[in-house]
Amino acid sequence: MRRGIVTVAAAAMLLGAVSSASASLKQIQDRLYDSSGIELAGFVESRLGTRIDRDQDEKRQSIKEARLQLDLGRDFDWGLGHFKVDFVADGVEEKAASEIREANLQFSPLEWMDLKVGRQVLTWGTGDLLFINDMFPKDWESFFIGRDDENLKAPSDAVKASFFTEAVNFDLVWTPVMNNSTYIDGSRISYYNSVIGRVAGRDYIFADDERNQFIRDSEFALRASRTVNGVELALYSYYGFWKTPEGVEFTPAPRLFYPRLTEYGASVRGELGGGIANVEAGYYDSLEDSGGGDPFVRNSEVRFLAGYEHELARDFTGAVQYYLEWMQDYSAYEASLPVGMPAKDEYRHLLTLRLTKLMLQQNLRLSLFTYYSPSDHDYYLRPKANYKVSDHWTVETGANIFGGRDDYTFWGQFEDNSNVYLAARYGF
Amino acid sequence: MKKFFLISILLLLWAAPALGAMSADEIVHRANLASYYGGDDGKARVTMTITDSQGRERKREFIILRRDVADGGDQNFYVYFRRPSDVRKMVFMVKKHVKGDDDRWLYLSKLDLVKRIAASDKRTSFVGSNFFYEDVSGRSEKEDSHKLLEETADHYVIENIPKNPDAVEFASYKVWIRKKDFMPDKAEYTDKQGRLYRVVEALEIKEIQGIPTVTKSRVRDLNSKSQTVSEFSKIQYNIGIKDSVFTERYLRRPPREARR
């Protein structure tokens with residue numbers, strides 16, 4: 001507790017110091033650029049949040065951290081260099097850490113080819129906070145505890161090669177050693193543990209067996225895309241692993257692991273009736289459970305989504321999505337399920353709604369994103385208000401509200417983790 | 001000789017409207033070409049200073065690239081943000097269509113996310129300033145009916161009445177167009193109660209590569225008592241911006257023209 005107070009006090013002092021030192025900060029930025037051509041940007045942020053209900057499995061405080069981000073860029077004539085690092089003082093986990101978010105070079109070895117090499121954030125696909133063909137790592141924990149949206153995308157250590165032709169563009173991403181998503185392991189967010197058959201938290205932190213062998217644990221992601229009359233078409237393919245540990249092994253002790261996965265998919269996005277429509281689908285071939293008879297490795301799946309976004313009024317936009325996860329070999333799954341383990345549905349339906357309203361000369365952004373599953377009877381609401389006080393200062397408040405009928409469904413299991421948060425950021 | 005004759009004819013045809021009385025539609029058309037279609041392509045660094053009613057200032061800084069698909073027709077825009085820090089490296093791309101809705105994309109570099117954005121009311125604020133999207137990319141001539149109100153020594157004064165009054169917040173607007181180069185240097189908007197509430201002015205017009213160019217402009221909103229001043233620097237025309245710049249490739253990797 002005392003350490004927490006110290007963290008917050010330190011963060012407040014840092015924020016104050018940065019603010020009063022902003023003039024000299026500008027000097028440092030200018031001097032760095034003039035002497036070496038390096039552009040420096042970043043922010044200092046303090047973020048505090050608490051659980052709404054007392055969760056016996058977790059700390060009351062859902063987030064309590066100070067973050068300094070330094071973003072360095074250099075425009076070489078032949079390409080771009082980029083380095084971005086976050087320094088975090090985390091009062092919940094009582095630790096200080098640095099996280100390199102980007103460290104890459106981007107250049108064009110040939111007129112029709114781009115390369116991006118190093119640590120980078122990667123995104124493709126058409127879903128809004130739903131991912132079918134985007135097999136790049138996510139950080140769900142950050143997302144659920146109310147960190148900035150930027151943190152949902154975790155970086156990959158990868159090589160991205162893009163080839164551009166008249167007809168089709170190709171992207172190939174090779175990740176030599178698998179980069180998994182940050183899954184919910186119980187340390188910050190309590191979850192339904194299928195091994196012990198109840199919601200668990202810090203009392204049962206689910207360890208995983210990381211994929212860490214060079215080459216053998218490589219991932220390959222491919223995309224072919226083209227735009228025809230403003231309609232964006234893409235085909236995707238992925239060879240690697242489930243990004244969250246969708247397998248459990250029991251010997252010597254229960255551990256999670258990342259089963260092999262191959263994925264194929266497609267997407268279409270374009271303008272329709274004054275709005276934007278998108279459709280995306282994918283087939284997840286779970287190679288280590290091809291018959292579907294292993295209850296401890298996730299079955300193969302068909303995933304589908306369709307979305308539509310439209311402006312509702314001036315500075316007010318609405319968007320809806322329908323999303324489906326269709327489990328393959330359902331009868332084999334049902335037959336193999338151990339007694340007492342709650343069965344998942346064959347079809348998981350999900351609806352999302354996004355509302356965004358800009359006010360006060362677009363300095364205040366009010367937004368709401370909701371997930372609701374009519375088949376699982378659960379939901380996740382993300383209301384947020386973000387106000388730009390000045391060109392440097394931003395304050396933000398929001399909530400992550402989970403709920404559902406059962407404690408073993410996707411969103412329902414997180415019910416005790418509903419939280420509210422508040423943040424202040426100084427950008428430079 | 002034959003060639004010379006042809007050129008003379010063309011010159012005559014070109015000069016003819018200037019000699020006789022020009023229709024309001026013609027004046028507006030020439031003003032539209034002069035203010036939004038200079039050169040085949042162009043680049044500028046833009047600094048917007050937004051001042052609210054209490055004198056608080058906010059700044060936006062971006063580089064804008066433009067390439068015309070056809071003179072007076074479709075255009076492509078690429079906007080690369082530099083300031084403030086929360087929008088730094090963000091890219092906004094528009095394929096403006098004279099017929100039908102524009103195609104718009106946003107690239108969020110922090111997430112490496114290429115987002116397609118729904119067409120919006122073109123009379124909404126551009127990046128929180130007093131400029132509207134329409135002020136940046138131009139309002140289609142065909143959306144208003146035009147009337148020549150007055151001819152002064154230096155200006156044509158045109159009154160514009162929207163053909164679809166429900167789609168816009170104004171009842172009419174008057175534009176002062178310079179006779180010498182068809183550059184509009186002032187527009188006054190009147191609301192449905194007949195009150196003047198919005199003034200757009202070119203504060204400075206310079207010749208750049210022989211093309212008359214607005215280098216400083218201002219929008220004043222008389223209702224909210226706020227204003228935005230835009231200053232344009234590093235203006236260049238006909239630099240050979242390629243069509244391919246306006247594709248996903250360059251959303252993810254800003255082209256050289258946008259970086260310096």
# chains A, B, ... in the order shown; residues from 1 in each chain; ligands from 1

call {"tool": "interface_residues", "arguments": {"of": "chain B", "to": "chain A", "cutoff": "7 Å", "atoms": "only C-alpha atoms", "output": "list in words"}}
result
Arg58, Lys59, Pro84, Ser85, Asp86, Asp101, Lys110, Leu111, Asp112, Leu113, Ile117, Ala118, Ala119, Ser120, Asp121, Thr124 and Gly128 of chain B

call {"tool": "select_by_dssp", "arguments": {"residues": "segment 44-218 of chain A", "states": "strand (DSSP E or B)", "output": "PyMOL selection string"}}
result
chain A and resi 44-51+61-76+79-90+95-110+113-120+138-139+153+156-164+169-175+182+191-193+198-200+208-209

call {"tool": "select_by_dssp", "arguments": {"residues": "segment 308-364 of chain A", "states": "helix (DSSP H, G or I)", "output": "NGL selection string"}}
result
:A and (330-336)

call {"tool": "residues_around", "arguments": {"residues": "Glu169 of chain B", "least_positions_apart": "6", "cutoff": "12 Å", "atoms": "only C-alpha atoms", "output": "PyMOL selection string"}}
result
(chain A and resi 314) or (chain B and resi 121-124+132+161-162+189-194+197-198)

call {"tool": "atom_distance", "arguments": {"atom1": "atom CA of Gly240 of chain A", "atom2": "atom CA of Ser300 of chain A"}}
result
13.9 Å

call {"tool": "closest_residue", "arguments": {"among": "A:His82, A:Ala266, A:Ser194, A:Lys26", "to": "Lys89 of chain B", "atoms": "only C-alpha atoms"}}
result
A:His82

call {"tool": "closest_residue", "arguments": {"among": "A:Asp345, A:Asp71, A:Glu280, A:Asp289", "to": "Ala306 of chain A", "atoms": "only C-alpha atoms"}}
result
A:Glu280

call {"tool": "closest_residue", "arguments": {"among": "B:Ser140, B:Thr247, B:Asn223, B:Asn164", "to": "Asp52 of chain B", "atoms": "only C-alpha atoms"}}
result
B:Asn223

call {"tool": "residues_around", "arguments": {"residues": "segment 250-252 of chain A", "least_positions_apart": "2", "cutoff": "12 Å", "atoms": "only C-alpha atoms", "output": "ChimeraX atom specification"}}
result
/A:195,207-209,247-248,254-257,296-297

call {"tool": "write_last_selection", "arguments": {"atoms": "C-alpha atoms", "output": "short mmCIF file (atom, residue, chain, number, x, y, z; two decimals), in the first residue's frame"}}
result
data_model
loop_
_atom_site.label_atom_id
_atom_site.label_comp_id
_atom_site.auth_asym_id
_atom_site.auth_seq_id
_atom_site.Cartn_x
_atom_site.Cartn_y
_atom_site.Cartn_z
CA VAL A 195 -9.32 -27.35 -14.50
CA ALA A 207 1.23 -20.79 -16.25
CA ASP A 208 1.87 -21.37 -19.93
CA ASP A 209 4.39 -23.28 -21.92
CA GLY A 247 -4.65 -26.13 -24.95
CA VAL A 248 -4.20 -27.63 -21.46
CA PRO A 254 -1.55 -28.52 -15.39
CA ARG A 255 -0.15 -25.99 -17.86
CA LEU A 256 -1.50 -24.07 -20.80
CA PHE A 257 0.08 -24.39 -24.20
CA PHE A 296 -8.35 -29.90 -23.77
CA VAL A 297 -7.42 -28.47 -27.17
#
